[in-house]
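Trainee: Below is the file work.cif, with mmCIF, C-alpha atoms.
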```
data_my_file
#
loop_
_atom_site.group_PDB
_atom_site.id
_atom_site.type_symbol
_atom_site.label_atom_id
_atom_site.label_comp_id
_atom_site.auth_asym_id
_atom_site.auth_seq_id
_atom_site.Cartn_x
_atom_site.Cartn_y
_atom_site.Cartn_z
ATOM 1 C CA MET A 1 -9.155 -28.197 16.025
ATOM 2 C CA GLU A 2 -5.794 -27.610 14.418
ATOM 3 C CA ILE A 3 -4.259 -25.408 11.766
ATOM 4 C CA SER A 4 -0.767 -25.441 10.302
ATOM 5 C CA TYR A 5 1.613 -22.650 11.269
ATOM 6 C CA ARG A 6 1.814 -21.387 7.666
ATOM 7 C CA GLU A 7 -1.967 -21.288 7.351
ATOM 8 C CA LEU A 8 -2.199 -19.375 10.612
ATOM 9 C CA ILE A 9 0.280 -16.733 9.433
ATOM 10 C CA THR A 10 -1.450 -16.526 6.027
ATOM 11 C CA VAL A 11 -4.813 -15.979 7.711
ATOM 12 C CA LEU A 12 -3.240 -13.341 9.974
ATOM 13 C CA HIS A 13 -1.808 -11.602 6.888
ATOM 14 C CA GLY A 14 -5.028 -11.666 4.874
ATOM 15 C CA MET A 15 -7.844 -11.643 7.398
ATOM 16 C CA GLY A 16 -6.085 -10.124 10.380
ATOM 17 C CA PHE A 17 -4.218 -7.206 8.826
ATOM 18 C CA GLY A 18 -5.612 -6.944 5.289
ATOM 19 C CA ALA A 19 -9.318 -7.365 5.982
ATOM 20 C CA LEU A 20 -9.183 -5.144 9.052
ATOM 21 C CA PHE A 21 -7.538 -2.496 6.898
ATOM 22 C CA MET A 22 -10.315 -2.825 4.298
ATOM 23 C CA LEU A 23 -12.950 -2.481 7.014
ATOM 24 C CA ALA A 24 -11.316 0.722 8.222
ATOM 25 C CA PHE A 25 -11.498 2.321 4.779
ATOM 26 C CA SER A 26 -15.135 3.352 4.950
ATOM 27 C CA GLY A 27 -14.420 5.315 8.133
ATOM 28 C CA ALA A 28 -11.423 7.081 6.601
ATOM 29 C CA ILE A 29 -13.239 8.023 3.418
ATOM 30 C CA GLY A 30 -16.226 9.179 5.475
ATOM 31 C CA VAL A 31 -14.170 11.567 7.574
ATOM 32 C CA ILE A 32 -12.195 12.908 4.607
ATOM 33 C CA TYR A 33 -15.494 13.542 2.843
ATOM 34 C CA ALA A 34 -16.867 15.157 5.993
ATOM 35 C CA THR A 35 -14.087 17.740 5.838
ATOM 36 C CA ALA A 36 -15.314 18.679 2.375
ATOM 37 C CA VAL A 37 -18.949 19.174 3.298
ATOM 38 C CA ALA A 38 -18.250 20.758 6.695
ATOM 39 C CA GLY A 39 -15.833 23.342 5.298
ATOM 40 C CA GLY A 40 -14.328 25.567 8.025
ATOM 41 C CA ARG A 41 -16.545 24.032 10.723
ATOM 42 C CA TRP A 42 -14.718 20.672 10.674
ATOM 43 C CA PRO A 43 -13.758 19.106 13.045
ATOM 44 C CA SER A 44 -15.883 20.145 15.981
ATOM 45 C CA SER A 45 -13.497 19.420 18.835
ATOM 46 C CA SER A 46 -9.955 18.300 19.546
ATOM 47 C CA PRO A 47 -10.887 14.762 20.750
ATOM 48 C CA HIS A 48 -12.261 14.178 17.245
ATOM 49 C CA ILE A 49 -8.955 15.276 15.720
ATOM 50 C CA ARG A 50 -6.968 13.043 18.069
ATOM 51 C CA MET A 51 -9.217 10.083 17.364
ATOM 52 C CA PHE A 52 -8.927 10.497 13.607
ATOM 53 C CA ARG A 53 -5.148 10.881 13.826
ATOM 54 C CA PHE A 54 -4.993 7.621 15.767
ATOM 55 C CA TYR A 55 -7.356 6.016 13.243
ATOM 56 C CA LEU A 56 -5.194 6.976 10.250
ATOM 57 C CA ILE A 57 -1.934 5.993 11.963
ATOM 58 C CA SER A 58 -3.499 2.615 12.782
ATOM 59 C CA MET A 59 -4.589 2.197 9.158
ATOM 60 C CA SER A 60 -1.091 3.033 8.003
ATOM 61 C CA ALA A 61 0.417 0.545 10.459
ATOM 62 C CA LEU A 62 -2.031 -2.150 9.291
ATOM 63 C CA ALA A 63 -1.082 -1.470 5.656
ATOM 64 C CA TRP A 64 2.620 -1.872 6.486
ATOM 65 C CA LEU A 65 1.987 -5.024 8.524
ATOM 66 C CA THR A 66 -0.021 -6.488 5.637
ATOM 67 C CA VAL A 67 2.623 -5.970 2.945
ATOM 68 C CA LEU A 68 5.588 -6.834 5.166
ATOM 69 C CA SER A 69 4.001 -10.064 6.428
ATOM 70 C CA GLY A 70 2.956 -10.904 2.876
ATOM 71 C CA THR A 71 6.346 -10.224 1.286
ATOM 72 C CA TYR A 72 8.612 -11.635 3.963
ATOM 73 C CA LEU A 73 6.542 -14.403 5.605
ATOM 74 C CA VAL A 74 3.860 -15.770 3.282
ATOM 75 C CA TYR A 75 5.386 -15.119 -0.152
ATOM 76 C CA PRO A 76 8.545 -17.224 0.467
ATOM 77 C CA TRP A 77 6.296 -20.206 1.330
ATOM 78 C CA TYR A 78 4.195 -19.537 -1.767
ATOM 79 C CA ARG A 79 7.205 -19.492 -4.119
ATOM 80 C CA ALA A 80 9.109 -22.372 -2.457
ATOM 81 C CA LYS A 81 10.782 -24.660 -4.984
ATOM 82 C CA PRO A 82 10.005 -28.406 -4.837
ATOM 83 C CA PRO A 83 12.875 -30.903 -4.874
ATOM 84 C CA PRO A 84 13.763 -32.310 -8.323
ATOM 85 C CA GLY A 85 11.364 -35.028 -9.414
ATOM 86 C CA ALA A 86 8.681 -34.124 -6.892
ATOM 87 C CA THR A 87 5.206 -35.089 -8.081
ATOM 88 C CA ASP A 88 3.191 -33.917 -5.095
ATOM 89 C CA LEU A 89 3.152 -30.103 -5.382
ATOM 90 C CA ALA A 90 0.686 -29.532 -2.535
ATOM 91 C CA GLY A 91 3.338 -27.745 -0.442
ATOM 92 C CA PHE A 92 4.514 -25.562 -3.342
ATOM 93 C CA PRO A 93 1.590 -23.301 -4.328
ATOM 94 C CA GLN A 94 3.288 -21.378 -7.151
ATOM 95 C CA LYS A 95 4.507 -24.539 -8.854
ATOM 96 C CA LEU A 96 1.142 -26.186 -8.308
ATOM 97 C CA LEU A 97 -0.650 -23.329 -10.073
ATOM 98 C CA MET A 98 1.864 -23.240 -12.929
ATOM 99 C CA SER A 99 1.682 -26.987 -13.459
ATOM 100 C CA SER A 100 -1.636 -26.627 -15.309
ATOM 101 C CA PRO A 101 -2.629 -24.197 -18.080
ATOM 102 C CA HIS A 102 -6.022 -23.954 -16.376
ATOM 103 C CA THR A 103 -4.521 -22.458 -13.230
ATOM 104 C CA ALA A 104 -1.277 -20.802 -14.442
ATOM 105 C CA GLY A 105 -3.058 -17.456 -14.935
ATOM 106 C CA TRP A 106 -3.766 -17.248 -11.211
ATOM 107 C CA HIS A 107 -0.025 -16.885 -10.762
ATOM 108 C CA SER A 108 1.002 -14.998 -13.916
ATOM 109 C CA LEU A 109 -1.768 -12.422 -13.574
ATOM 110 C CA GLY A 110 -3.103 -12.759 -10.026
ATOM 111 C CA MET A 111 0.002 -13.124 -7.910
ATOM 112 C CA GLU A 112 2.250 -11.056 -10.211
ATOM 113 C CA TRP A 113 -0.144 -8.110 -9.923
ATOM 114 C CA LYS A 114 -1.003 -8.623 -6.251
ATOM 115 C CA GLU A 115 2.598 -8.775 -5.075
ATOM 116 C CA HIS A 116 3.402 -5.393 -6.644
ATOM 117 C CA VAL A 117 0.234 -3.320 -6.478
ATOM 118 C CA SER A 118 -0.332 -4.024 -2.789
ATOM 119 C CA TRP A 119 2.787 -1.967 -1.967
ATOM 120 C CA PHE A 120 1.037 1.185 -3.183
ATOM 121 C CA THR A 121 -1.291 1.034 -0.186
ATOM 122 C CA PRO A 122 1.196 1.723 2.642
ATOM 123 C CA ILE A 123 2.889 4.455 0.579
ATOM 124 C CA ALA A 124 -0.450 6.151 -0.077
ATOM 125 C CA MET A 125 -1.820 5.733 3.456
ATOM 126 C CA THR A 126 1.375 6.993 5.097
ATOM 127 C CA MET A 127 1.096 10.137 2.974
ATOM 128 C CA VAL A 128 -2.610 10.486 3.792
ATOM 129 C CA ALA A 129 -1.954 10.129 7.531
ATOM 130 C CA TYR A 130 0.889 12.654 7.397
ATOM 131 C CA VAL A 131 -1.147 15.264 5.511
ATOM 132 C CA PHE A 132 -4.068 14.925 7.932
ATOM 133 C CA ILE A 133 -1.847 15.112 10.993
ATOM 134 C CA HIS A 134 0.145 18.054 9.652
ATOM 135 C CA TYR A 135 -2.781 20.186 8.495
ATOM 136 C CA GLY A 136 -5.498 19.042 10.896
ATOM 137 C CA PRO A 137 -8.573 21.294 10.793
ATOM 138 C CA GLN A 138 -6.904 23.495 8.139
ATOM 139 C CA LEU A 139 -7.454 20.707 5.629
ATOM 140 C CA ALA A 140 -11.087 21.753 5.589
ATOM 141 C CA ARG A 141 -10.014 24.918 3.752
ATOM 142 C CA GLN A 142 -7.384 23.221 1.547
ATOM 143 C CA ARG A 143 -9.599 21.809 -1.168
ATOM 144 C CA ALA A 144 -6.782 20.787 -3.557
ATOM 145 C CA LEU A 145 -4.893 18.949 -0.821
ATOM 146 C CA ARG A 146 -8.037 17.224 0.341
ATOM 147 C CA ASN A 147 -8.980 16.078 -3.151
ATOM 148 C CA VAL A 148 -5.595 14.532 -3.898
ATOM 149 C CA VAL A 149 -5.616 12.840 -0.494
ATOM 150 C CA LEU A 150 -9.017 11.368 -1.363
ATOM 151 C CA ALA A 151 -7.670 10.167 -4.720
ATOM 152 C CA PHE A 152 -4.713 8.420 -3.088
ATOM 153 C CA THR A 153 -7.035 6.901 -0.477
ATOM 154 C CA ALA A 154 -9.244 5.564 -3.278
ATOM 155 C CA VAL A 155 -6.218 4.056 -5.047
ATOM 156 C CA ALA A 156 -5.089 2.478 -1.774
ATOM 157 C CA PHE A 157 -8.566 0.953 -1.474
ATOM 158 C CA LEU A 158 -8.397 -0.320 -5.056
ATOM 159 C CA SER A 159 -4.912 -1.784 -4.551
ATOM 160 C CA THR A 160 -5.950 -3.535 -1.365
ATOM 161 C CA GLY A 161 -9.081 -4.806 -3.085
ATOM 162 C CA VAL A 162 -7.065 -6.289 -5.952
ATOM 163 C CA ALA A 163 -4.639 -7.902 -3.518
ATOM 164 C CA GLY A 164 -7.443 -9.206 -1.317
ATOM 165 C CA VAL A 165 -9.565 -10.666 -4.102
ATOM 166 C CA PHE A 166 -6.633 -12.382 -5.803
ATOM 167 C CA GLY A 167 -5.319 -13.509 -2.427
ATOM 168 C CA ALA A 168 -8.628 -15.233 -1.668
ATOM 169 C CA PHE A 169 -8.765 -16.935 -5.086
ATOM 170 C CA LEU A 170 -5.121 -17.975 -4.918
ATOM 171 C CA TYR A 171 -5.585 -19.413 -1.454
ATOM 172 C CA SER A 172 -8.669 -21.362 -2.535
ATOM 173 C CA ARG A 173 -6.758 -22.943 -5.461
ATOM 174 C CA ALA A 174 -3.312 -23.389 -3.956
ATOM 175 C CA PRO A 175 -3.304 -22.851 -0.187
ATOM 176 C CA VAL A 176 -0.099 -22.134 1.694
ATOM 177 C CA ARG A 177 0.212 -24.981 4.165
ATOM 178 C CA GLY A 178 2.891 -26.664 6.206
ATOM 179 C CA GLY A 179 4.973 -26.261 9.315
ATOM 180 C CA PRO A 180 4.063 -27.416 12.790
ATOM 181 C CA GLN A 181 0.407 -27.879 13.697
ATOM 182 C CA VAL A 182 -1.093 -25.255 15.959
ATOM 183 C CA VAL A 183 -3.905 -26.412 18.212
ATOM 184 C CA LEU A 184 -6.663 -23.803 18.254
ATOM 185 C CA MET A 185 -9.057 -25.776 20.421
ATOM 186 C CA GLY A 186 -8.656 -29.052 22.234
ATOM 187 C CA ALA A 187 -10.817 -32.063 21.370
ATOM 188 C CA ASN A 188 -13.782 -32.704 23.683
ATOM 189 C CA MET B 1 -20.927 47.320 27.771
ATOM 190 C CA SER B 2 -17.902 45.369 26.538
ATOM 191 C CA ALA B 3 -17.681 43.540 23.190
ATOM 192 C CA PRO B 4 -18.245 39.747 23.268
ATOM 193 C CA ASP B 5 -15.102 37.622 23.628
ATOM 194 C CA PRO B 6 -14.095 36.501 20.109
ATOM 195 C CA GLY B 7 -12.308 33.451 21.532
ATOM 196 C CA PRO B 8 -8.799 32.286 20.647
ATOM 197 C CA ALA B 9 -7.411 33.473 17.319
ATOM 198 C CA PRO B 10 -7.276 30.765 14.637
ATOM 199 C CA PRO B 11 -3.778 29.357 14.039
ATOM 200 C CA PRO B 12 -1.868 30.846 11.103
ATOM 201 C CA GLU B 13 -2.397 29.146 7.752
ATOM 202 C CA LEU B 14 0.235 26.446 7.187
ATOM 203 C CA PRO B 15 2.199 26.607 3.926
ATOM 204 C CA SER B 16 1.285 24.063 1.280
ATOM 205 C CA GLY B 17 4.932 22.978 0.794
ATOM 206 C CA PRO B 18 5.053 20.092 3.303
ATOM 207 C CA GLY B 19 1.793 18.646 1.999
ATOM 208 C CA ALA B 20 2.934 19.037 -1.600
ATOM 209 C CA ALA B 21 6.213 17.285 -0.740
ATOM 210 C CA ALA B 22 4.374 14.337 0.811
ATOM 211 C CA ILE B 23 1.973 14.027 -2.139
ATOM 212 C CA LEU B 24 4.554 14.399 -4.898
ATOM 213 C CA SER B 25 6.959 11.945 -3.246
ATOM 214 C CA ALA B 26 4.153 9.386 -2.785
ATOM 215 C CA GLY B 27 3.376 9.599 -6.502
ATOM 216 C CA PHE B 28 7.086 9.331 -7.269
ATOM 217 C CA GLY B 29 7.441 6.269 -5.013
ATOM 218 C CA CYS B 30 4.582 4.522 -6.806
ATOM 219 C CA LEU B 31 6.089 5.361 -10.216
ATOM 220 C CA VAL B 32 9.517 4.051 -9.154
ATOM 221 C CA PHE B 33 7.859 0.875 -7.881
ATOM 222 C CA GLY B 34 6.154 0.372 -11.232
ATOM 223 C CA LEU B 35 9.328 1.092 -13.204
ATOM 224 C CA LEU B 36 11.400 -1.326 -11.119
ATOM 225 C CA ALA B 37 8.732 -4.040 -11.355
ATOM 226 C CA PHE B 38 8.645 -3.573 -15.121
ATOM 227 C CA ALA B 39 12.454 -3.572 -15.427
ATOM 228 C CA GLY B 40 12.647 -6.808 -13.445
ATOM 229 C CA ASP B 41 9.991 -8.389 -15.642
ATOM 230 C CA ALA B 42 11.675 -7.273 -18.868
ATOM 231 C CA SER B 43 15.282 -8.182 -18.067
ATOM 232 C CA PRO B 44 16.448 -11.428 -16.426
ATOM 233 C CA ALA B 45 19.724 -9.742 -15.415
ATOM 234 C CA ILE B 46 17.901 -6.911 -13.628
ATOM 235 C CA LYS B 47 15.514 -9.414 -12.067
ATOM 236 C CA GLN B 48 18.496 -11.300 -10.683
ATOM 237 C CA ALA B 49 20.042 -8.079 -9.363
ATOM 238 C CA PHE B 50 16.835 -7.302 -7.447
ATOM 239 C CA ILE B 51 17.162 -10.427 -5.314
ATOM 240 C CA LEU B 52 18.233 -8.877 -2.013
ATOM 241 C CA TRP B 53 16.708 -11.697 0.069
ATOM 242 C CA LYS B 54 16.478 -15.005 -1.721
ATOM 243 C CA PRO B 55 13.255 -16.392 -0.164
ATOM 244 C CA SER B 56 11.259 -13.378 -1.409
ATOM 245 C CA GLY B 57 13.152 -13.142 -4.699
ATOM 246 C CA PRO B 58 13.158 -9.963 -6.828
ATOM 247 C CA LEU B 59 10.215 -8.520 -4.875
ATOM 248 C CA SER B 60 12.594 -7.879 -1.962
ATOM 249 C CA GLY B 61 14.752 -5.598 -4.128
ATOM 250 C CA VAL B 62 11.915 -3.911 -6.006
ATOM 251 C CA SER B 63 10.073 -3.028 -2.792
ATOM 252 C CA SER B 64 13.176 -1.992 -0.836
ATOM 253 C CA LEU B 65 14.545 0.245 -3.597
ATOM 254 C CA ALA B 66 11.153 1.859 -4.235
ATOM 255 C CA ILE B 67 10.668 2.585 -0.533
ATOM 256 C CA VAL B 68 14.160 4.109 -0.286
ATOM 257 C CA ALA B 69 13.490 6.245 -3.404
ATOM 258 C CA TRP B 70 10.133 7.405 -1.997
ATOM 259 C CA LEU B 71 11.515 8.312 1.445
ATOM 260 C CA PHE B 72 14.578 10.009 -0.043
ATOM 261 C CA ALA B 73 12.422 12.099 -2.392
ATOM 262 C CA TRP B 74 10.115 13.011 0.502
ATOM 263 C CA PHE B 75 13.066 14.033 2.701
ATOM 264 C CA ILE B 76 14.601 16.249 -0.001
ATOM 265 C CA LEU B 77 11.299 17.859 -1.034
ATOM 266 C CA ALA B 78 10.291 18.406 2.593
ATOM 267 C CA LEU B 79 13.578 20.235 3.207
ATOM 268 C CA LEU B 80 13.248 22.349 0.067
ATOM 269 C CA TRP B 81 9.542 23.180 0.479
ATOM 270 C CA ALA B 82 9.233 23.361 4.295
ATOM 271 C CA ARG B 83 8.118 27.006 4.342
ATOM 272 C CA ARG B 84 7.079 27.549 0.740
ATOM 273 C CA GLU B 85 3.723 27.925 -0.931
ATOM 274 C CA ILE B 86 3.623 25.427 -3.784
ATOM 275 C CA ASN B 87 1.185 25.461 -6.686
ATOM 276 C CA LEU B 88 -0.923 22.448 -5.779
ATOM 277 C CA ALA B 89 -2.528 22.223 -9.217
ATOM 278 C CA TRP B 90 0.632 20.965 -10.892
ATOM 279 C CA VAL B 91 1.656 18.865 -7.872
ATOM 280 C CA THR B 92 -1.728 17.148 -7.997
ATOM 281 C CA ALA B 93 -1.577 16.601 -11.761
ATOM 282 C CA VAL B 94 1.986 15.239 -11.724
ATOM 283 C CA SER B 95 1.382 13.060 -8.641
ATOM 284 C CA LEU B 96 -1.764 11.497 -10.056
ATOM 285 C CA ALA B 97 -0.044 10.946 -13.424
ATOM 286 C CA MET B 98 2.873 9.189 -11.691
ATOM 287 C CA LEU B 99 0.440 7.135 -9.588
ATOM 288 C CA ALA B 100 -1.509 6.070 -12.685
ATOM 289 C CA ALA B 101 1.697 5.197 -14.569
ATOM 290 C CA GLY B 102 2.929 3.197 -11.583
ATOM 291 C CA LEU B 103 -0.359 1.313 -11.391
ATOM 292 C CA LEU B 104 -0.266 0.501 -15.114
ATOM 293 C CA LEU B 105 3.343 -0.682 -14.903
ATOM 294 C CA THR B 106 2.444 -3.240 -12.241
ATOM 295 C CA PHE B 107 -0.417 -4.684 -14.338
ATOM 296 C CA PRO B 108 0.996 -7.833 -16.015
ATOM 297 C CA PRO B 109 -0.949 -7.535 -19.326
ATOM 298 C CA PHE B 110 0.331 -3.954 -19.711
ATOM 299 C CA MET B 111 3.895 -5.090 -18.947
ATOM 300 C CA ASP B 112 3.531 -7.757 -21.638
ATOM 301 C CA LEU B 113 2.118 -5.229 -24.088
ATOM 302 C CA LEU B 114 5.109 -2.908 -23.602
ATOM 303 C CA GLN B 115 7.480 -5.814 -24.152
ATOM 304 C CA GLY B 116 5.636 -6.944 -27.271
ATOM 305 C CA LYS B 117 4.793 -10.331 -25.763
#
```
Could you show the structure in this file as structure tokens?
Mentor:
Amino acid sequence: MEISYRELITVLHGMGFGALFMLAFSGAIGVIYATAVAGGRWPSSSPHIRMFRFYLISMSALAWLTVLSGTYLVYPWYRAKPPPGATDLAGFPQKLLMSSPHTAGWHSLGMEWKEHVSWFTPIAMTMVAYVFIHYGPQLARQRALRNVVLAFTAVAFLSTGVAGVFGAFLYSRAPVRGGPQVVLMGAN
Amino acid sequence: MSAPDPGPAPPPELPSGPGAAAILSAGFGCLVFGLLAFAGDASPAIKQAFILWKPSGPLSGVSSLAIVAWLFAWFILALLWARREINLAWVTAVSLAMLAAGLLLTFPPFMDLLQGK
């Protein structure tokens, strides 16, 4: 069982960092909401605070890893230019999509939006992590701070969702492939 | 009979300044990102100038400049507001407005609309 190096990195970018980040969202929103309903009683003990700090820092790190791997590893392969006269565009996803009016929108809307909006996520989540770490249990009494943190968290979720959905559709129509083959499992 | 132990005193309330600085600068960073993305889309010369690393094209410049602007704004605001109480109502309103504007400016149909395409 083999996979090309570029596919492996693309899967790591989307499913490793991006999807893991999306999975972590429900936990983050749950705890931020818990501060609202618990009021001054939240959180109950310091291990909970430490765990949530670690959780948010990890989410922030995942968001940075997702956009950095996307922008500096996968995106250059996606936008690679074919040699003049090339007819097989399989190794040039952007050009492949733009070669047909039926698929050009996946680039002009999908990728153009995805490549920009996804950067909002690490900015928002870094701020969210900082505010939680700085204020800790006091955030339970800071309703305005907590609400704006929730709003930024929701936008980070939306941005990641847009990037993830378009990423999946783009990959299904014009996959990033190439590079040396990586053996995942030997033949029996 | 002695009074029951009230336990440790709660820590003093932290000023809202550092939180406000983080929130406002995050909104500003998103707005700058949107403005730079729009500028690159509207002007071929600006798009060319944003190419800091050729394999990633203009996205390398847009993202790098927006991150620098965000961190710089955060650093300055954090210094200015470190011990101050800031009115969070206007910080929230301005931050969310900048975030919404930034989001709109990255949406290709909205970019096209602004350029009359």
Trainee: Counting only C-alpha atoms, note down every residue that has an atom within 8 Å of the point (-7.4, -19.2, 12.5) (file coordinates), as a ChimeraX atom specification.
Mentor: /A:3,7-8,11-12,184
Trainee: So the first atom is CA of Phe25 in chain A and the second is CA of Ile86 in chain B; what is the distance between them in Å, to one decimal place?
Mentor: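 One can read the CA of Phe25 in chain A to CA of Ile86 in chain B distance as 28.9 Å.
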Trainee: Residues of chain A within 6 Å of chain B, counting all atoms listed in the file - could you list those as a PyMOL selection string?
Mentor: chain A and resi 76+109+113+127+131
Trainee: Any idea what's packed within 10 Å of Ile29 in chain A, counting all atoms listed in the file, ignoring anything in its chain fewer than 5 positions away? Could you give it as a PyMOL selection string?
Mentor: chain A and resi 24+34+149-150+153-154+157
Trainee: Would you mind listing what lies within 12 Å of range 97-105 of chain A as an mmCIF file with C-alpha atoms, keeping the file's coordinate frame, with all atoms listed in the file counted and same-chain residues fewer than 3 positions away left out?
Mentor:
```cif
data_model
loop_
_atom_site.group_PDB
_atom_site.id
_atom_site.type_symbol
_atom_site.label_atom_id
_atom_site.label_comp_id
_atom_site.auth_asym_id
_atom_site.auth_seq_id
_atom_site.Cartn_x
_atom_site.Cartn_y
_atom_site.Cartn_z
ATOM 1 C CA TYR A 78 4.195 -19.537 -1.767
ATOM 2 C CA ARG A 79 7.205 -19.492 -4.119
ATOM 3 C CA ALA A 86 8.681 -34.124 -6.892
ATOM 4 C CA THR A 87 5.206 -35.089 -8.081
ATOM 5 C CA ASP A 88 3.191 -33.917 -5.095
ATOM 6 C CA LEU A 89 3.152 -30.103 -5.382
ATOM 7 C CA ALA A 90 0.686 -29.532 -2.535
ATOM 8 C CA GLY A 91 3.338 -27.745 -0.442
ATOM 9 C CA PHE A 92 4.514 -25.562 -3.342
ATOM 10 C CA PRO A 93 1.590 -23.301 -4.328
ATOM 11 C CA GLN A 94 3.288 -21.378 -7.151
ATOM 12 C CA SER A 108 1.002 -14.998 -13.916
ATOM 13 C CA LEU A 109 -1.768 -12.422 -13.574
ATOM 14 C CA GLY A 110 -3.103 -12.759 -10.026
ATOM 15 C CA MET A 111 0.002 -13.124 -7.910
ATOM 16 C CA GLU A 112 2.250 -11.056 -10.211
ATOM 17 C CA TRP A 113 -0.144 -8.110 -9.923
ATOM 18 C CA PHE A 166 -6.633 -12.382 -5.803
ATOM 19 C CA PHE A 169 -8.765 -16.935 -5.086
ATOM 20 C CA LEU A 170 -5.121 -17.975 -4.918
ATOM 21 C CA TYR A 171 -5.585 -19.413 -1.454
ATOM 22 C CA SER A 172 -8.669 -21.362 -2.535
ATOM 23 C CA ARG A 173 -6.758 -22.943 -5.461
ATOM 24 C CA ALA A 174 -3.312 -23.389 -3.956
ATOM 25 C CA PRO A 175 -3.304 -22.851 -0.187
ATOM 26 C CA VAL A 176 -0.099 -22.134 1.694
ATOM 27 C CA PRO B 108 0.996 -7.833 -16.015
ATOM 28 C CA PRO B 109 -0.949 -7.535 -19.326
#
```
Trainee: Quick one: pull the distance between CA of Glu2 in chain A and CA of Val182 in chain A, Å, one decimal.
Mentor: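 Computing the Euclidean distance for CA of Glu2 in chain A and CA of Val182 in chain A yields 5.5 Å.
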Trainee: When the PyMOL selection byres ((chain A and resi 32) around 12) is applied to the file above, which residues end up in the set, as a PyMOL selection string?
Mentor: chain A and resi 25-31+33-39+42-43+49+52-53+56+128-129+131-132+136-137+139-140+142-143+145-154
Trainee: Next, the residues of the selection above should be written as a short mmCIF file (atom, residue, chain, number, x, y, z; two decimals), in the coordinates of the input with C-alpha atoms.
Mentor:
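The resulting out.cif:
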```
data_model
loop_
_atom_site.label_atom_id
_atom_site.label_comp_id
_atom_site.auth_asym_id
_atom_site.auth_seq_id
_atom_site.Cartn_x
_atom_site.Cartn_y
_atom_site.Cartn_z
CA PHE A 25 -11.50 2.32 4.78
CA SER A 26 -15.14 3.35 4.95
CA GLY A 27 -14.42 5.32 8.13
CA ALA A 28 -11.42 7.08 6.60
CA ILE A 29 -13.24 8.02 3.42
CA GLY A 30 -16.23 9.18 5.48
CA VAL A 31 -14.17 11.57 7.57
CA TYR A 33 -15.49 13.54 2.84
CA ALA A 34 -16.87 15.16 5.99
CA THR A 35 -14.09 17.74 5.84
CA ALA A 36 -15.31 18.68 2.38
CA VAL A 37 -18.95 19.17 3.30
CA ALA A 38 -18.25 20.76 6.70
CA GLY A 39 -15.83 23.34 5.30
CA TRP A 42 -14.72 20.67 10.67
CA PRO A 43 -13.76 19.11 13.04
CA ILE A 49 -8.96 15.28 15.72
CA PHE A 52 -8.93 10.50 13.61
CA ARG A 53 -5.15 10.88 13.83
CA LEU A 56 -5.19 6.98 10.25
CA VAL A 128 -2.61 10.49 3.79
CA ALA A 129 -1.95 10.13 7.53
CA VAL A 131 -1.15 15.26 5.51
CA PHE A 132 -4.07 14.92 7.93
CA GLY A 136 -5.50 19.04 10.90
CA PRO A 137 -8.57 21.29 10.79
CA LEU A 139 -7.45 20.71 5.63
CA ALA A 140 -11.09 21.75 5.59
CA GLN A 142 -7.38 23.22 1.55
CA ARG A 143 -9.60 21.81 -1.17
CA LEU A 145 -4.89 18.95 -0.82
CA ARG A 146 -8.04 17.22 0.34
CA ASN A 147 -8.98 16.08 -3.15
CA VAL A 148 -5.60 14.53 -3.90
CA VAL A 149 -5.62 12.84 -0.49
CA LEU A 150 -9.02 11.37 -1.36
CA ALA A 151 -7.67 10.17 -4.72
CA PHE A 152 -4.71 8.42 -3.09
CA THR A 153 -7.04 6.90 -0.48
CA ALA A 154 -9.24 5.56 -3.28
#
```
Trainee: Any idea what's packed within 8 Å of Phe120 in chain A, counting all atoms listed in the file, ignoring anything in its chain fewer than 4 positions away? Could you give it as a PyMOL selection string?
Mentor: (chain A and resi 116+124+156+159) or (chain B and resi 30)
Trainee: At what distance in Å, to one decimal, does CA of Ser69 in chain A lie from CA of Val183 in chain A?
Mentor: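 Between CA of Val183 in chain A and CA of Ser69 in chain A the gap is 21.6 Å.
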Trainee: Choose the residue, out of A:Lys114, A:Arg141, A:Arg177, A:His134, that has the smallest atom-to-atom separation from Val67 in chain A; count all atoms listed in the file.
Mentor: A:Lys114
Trainee: Go through B:Ala49, B:Ala82, B:Met98, B:Leu113 one by one, measure the shortest atom-to-atom distance of each to Leu35 in chain B using all atoms listed in the file, and give the residue with the smallest value.
Mentor: B:Met98
Trainee: Supply range 26-32 of chain B as a tab-separated table (two decimals), in the coordinates of the input, with N, CA and C atoms built in where the input has gaps.
Mentor:
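And here is the file that came out, rebuild_15.tsv:
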```
chain	number	residue	atom	x	y	z
B	26	ALA	N	4.95	10.63	-2.76
B	26	ALA	CA	4.15	9.39	-2.78
B	26	ALA	C	3.90	8.95	-4.23
B	27	GLY	N	3.56	9.91	-5.08
B	27	GLY	CA	3.38	9.60	-6.50
B	27	GLY	C	4.67	9.09	-7.12
B	28	PHE	N	5.77	9.74	-6.76
B	28	PHE	CA	7.09	9.33	-7.27
B	28	PHE	C	7.43	7.91	-6.81
B	29	GLY	N	7.16	7.61	-5.54
B	29	GLY	CA	7.44	6.27	-5.01
B	29	GLY	C	6.67	5.19	-5.76
B	30	CYS	N	5.40	5.49	-6.07
B	30	CYS	CA	4.58	4.52	-6.81
B	30	CYS	C	5.11	4.35	-8.23
B	31	LEU	N	5.54	5.46	-8.85
B	31	LEU	CA	6.09	5.36	-10.22
B	31	LEU	C	7.38	4.54	-10.21
B	32	VAL	N	8.25	4.80	-9.24
B	32	VAL	CA	9.52	4.05	-9.15
B	32	VAL	C	9.23	2.56	-8.95
```
